[in-house]
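Inspection log for the structure reproduced underneath, given as structure tokens.
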Amino acid sequence: MRDSDRGHVRAAPQSRARVSLRRPVAASAILKPLLKKHGLDKQLARYEFVTRWREIVGEEISKRSRPAYFRGNVLVVQVSSSVWAQELGFYKHVILNRIRKHVRDGQIVDDLAFCVNGDGY
């Protein structure tokens, strides 16, 4: 006797598509080889310390400054006001030494330059 004869409706056959139950992969594991392939890994590594800016300069200074870009081996730091630019100029060597502790070998930060950002963050 068939299922249809008994009043049962047979379910449609399930898809044979295979569902992958792999473990999640960190984005960095995917991006690192891709960046290296396109020659961007070293450029990106140069800015890696930026993620630790608060740790390097402290809470108060990090609220009023942020690393902006490199001009050669000079890190240009945007600050919220000319007063802060002058104040941080007095601590330039201290900040440079702290930055150097957080950069990788081969990364060179020779000097800092402070510029006032119009956003006043």
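Ligands are numbered from 1 in the order shown, residues from 1 within each chain, and chains are lettered A, B, ... in the order they appear in the structure tokens.
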
Hey, could you make a per-residue contact list for stretch 7-93 of chain A against stretch 111-116 of chain A with 9 Å as the cut-off, showing the nearest pair of atoms and its distance in Å to one decimal, counting only C-alpha atoms, sorted by chain and number, as a tab-separated table?
residue	atom	partner	partner_atom	distance
A:Ser65	CA	A:Phe114	CA	9.0
A:Asn73	CA	A:Asp111	CA	6.9
A:Val74	CA	A:Asp111	CA	4.7
A:Leu75	CA	A:Leu112	CA	4.9
A:Val76	CA	A:Ala113	CA	4.7
A:Val77	CA	A:Phe114	CA	4.9
A:Gln78	CA	A:Cys115	CA	5.0
A:Val79	CA	A:Val116	CA	5.0
A:Ser80	CA	A:Val116	CA	5.8
A:Ser81	CA	A:Val116	CA	5.5
A:Ser82	CA	A:Val116	CA	6.0
A:Trp84	CA	A:Val116	CA	8.5
A:Ala85	CA	A:Phe114	CA	5.5
A:Gln86	CA	A:Phe114	CA	8.2
A:Leu88	CA	A:Phe114	CA	7.8
A:Gly89	CA	A:Phe114	CA	7.4
A:Lys92	CA	A:Leu112	CA	6.7
A:His93	CA	A:Asp111	CA	8.5

Just write the chosen residues, N, CA and C atoms, as a CSV table (one decimal), in the first residue's frame.
chain,number,residue,atom,x,y,z
A,65,SER,N,42.9,65.1,20.7
A,65,SER,CA,43.9,64.9,19.6
A,65,SER,C,43.6,63.6,18.9
A,73,ASN,N,58.3,60.7,7.5
A,73,ASN,CA,58.3,60.0,8.8
A,73,ASN,C,57.8,60.9,10.0
A,74,VAL,N,57.1,62.0,9.6
A,74,VAL,CA,56.6,62.9,10.6
A,74,VAL,C,55.1,62.5,10.7
A,75,LEU,N,54.6,62.2,12.0
A,75,LEU,CA,53.2,62.0,12.2
A,75,LEU,C,52.5,63.3,12.5
A,76,VAL,N,51.5,63.6,11.7
A,76,VAL,CA,50.8,64.8,11.9
A,76,VAL,C,49.6,64.5,12.8
A,77,VAL,N,49.5,65.2,13.9
A,77,VAL,CA,48.4,65.0,14.8
A,77,VAL,C,47.5,66.2,14.8
A,78,GLN,N,46.2,65.9,14.6
A,78,GLN,CA,45.2,67.0,14.7
A,78,GLN,C,44.8,67.2,16.1
A,79,VAL,N,44.7,68.5,16.5
A,79,VAL,CA,44.3,68.8,17.9
A,79,VAL,C,43.1,69.7,17.8
A,80,SER,N,42.4,69.9,19.0
A,80,SER,CA,41.2,70.6,19.0
A,80,SER,C,41.4,72.1,19.0
A,81,SER,N,42.6,72.6,19.5
A,81,SER,CA,42.8,74.0,19.5
A,81,SER,C,44.3,74.4,19.5
A,82,SER,N,44.5,75.6,19.2
A,82,SER,CA,45.9,76.0,19.2
A,82,SER,C,46.6,75.9,20.6
A,84,TRP,N,46.0,73.5,22.7
A,84,TRP,CA,46.4,72.1,22.8
A,84,TRP,C,47.6,71.8,21.9
A,85,ALA,N,47.7,72.4,20.8
A,85,ALA,CA,48.9,72.3,19.9
A,85,ALA,C,50.1,72.7,20.6
A,86,GLN,N,50.1,73.8,21.3
A,86,GLN,CA,51.2,74.4,22.0
A,86,GLN,C,51.6,73.5,23.2
A,88,LEU,N,50.9,70.3,23.7
A,88,LEU,CA,51.5,69.0,23.3
A,88,LEU,C,52.9,69.2,22.7
A,89,GLY,N,53.1,70.3,22.1
A,89,GLY,CA,54.5,70.6,21.6
A,89,GLY,C,55.5,70.5,22.8
A,92,LYS,N,56.2,66.8,23.3
A,92,LYS,CA,56.5,66.1,22.0
A,92,LYS,C,57.5,64.9,22.2
A,93,HIS,N,58.5,65.0,23.0
A,93,HIS,CA,59.5,63.9,23.1
A,93,HIS,C,58.9,62.8,24.0

Any idea what's packed within 8 Å of stretch 40-49 of chain A, counting only C-alpha atoms, ignoring anything in its chain fewer than 2 positions away? Could you give it as a compact mmCIF listing (two decimals) with N, CA and C atoms, in the first residue's frame?
# COMPACT_ATOMS: atom_id res chain seq x y z
N LYS A 32 44.17 39.71 5.84
CA LYS A 32 45.64 39.79 5.79
C LYS A 32 46.24 39.28 4.49
N LEU A 35 45.31 41.78 1.69
CA LEU A 35 46.08 43.02 1.76
C LEU A 35 47.52 42.81 1.30
N LYS A 36 48.08 41.68 1.70
CA LYS A 36 49.46 41.38 1.30
C LYS A 36 49.56 41.20 -0.21
N LYS A 37 48.59 40.53 -0.78
CA LYS A 37 48.56 40.29 -2.21
C LYS A 37 48.58 41.60 -3.00
N HIS A 38 47.91 42.61 -2.47
CA HIS A 38 47.82 43.90 -3.15
C HIS A 38 48.83 44.93 -2.63
N THR A 51 45.20 52.60 16.73
CA THR A 51 44.13 51.96 17.50
C THR A 51 44.41 52.01 19.00
N ARG A 52 45.65 52.27 19.37
CA ARG A 52 46.02 52.34 20.78
C ARG A 52 46.37 53.78 21.20
N TRP A 53 45.87 54.76 20.46
CA TRP A 53 46.20 56.16 20.72
C TRP A 53 45.86 56.55 22.16
N ILE A 99 55.07 56.48 21.58
CA ILE A 99 54.68 55.94 20.27
C ILE A 99 55.68 54.88 19.83
N HIS A 102 55.19 51.41 20.86
CA HIS A 102 54.03 50.72 20.32
C HIS A 102 54.12 50.42 18.82
N VAL A 103 55.15 50.88 18.16
CA VAL A 103 55.26 50.61 16.73
C VAL A 103 56.12 49.38 16.50
N GLN A 107 59.20 50.49 11.57
CA GLN A 107 58.33 51.64 11.45
C GLN A 107 59.03 52.83 12.10

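Residues of stretch 21-117 of chain A that DSSP places in strand (DSSP E), based on the backbone of this structure, are Ser65, Arg66, Pro67, Ala68, Tyr69, Phe70, Arg71, Val74, Leu75, Val76, Val77, Gln78, Val79, Asp111, Leu112, Ala113, Phe114, Cys115 and Val116 of chain A.
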
DSSP alpha helix (DSSP H) residues within stretch 23-94 of chain A, listed as a count of residues only: 40
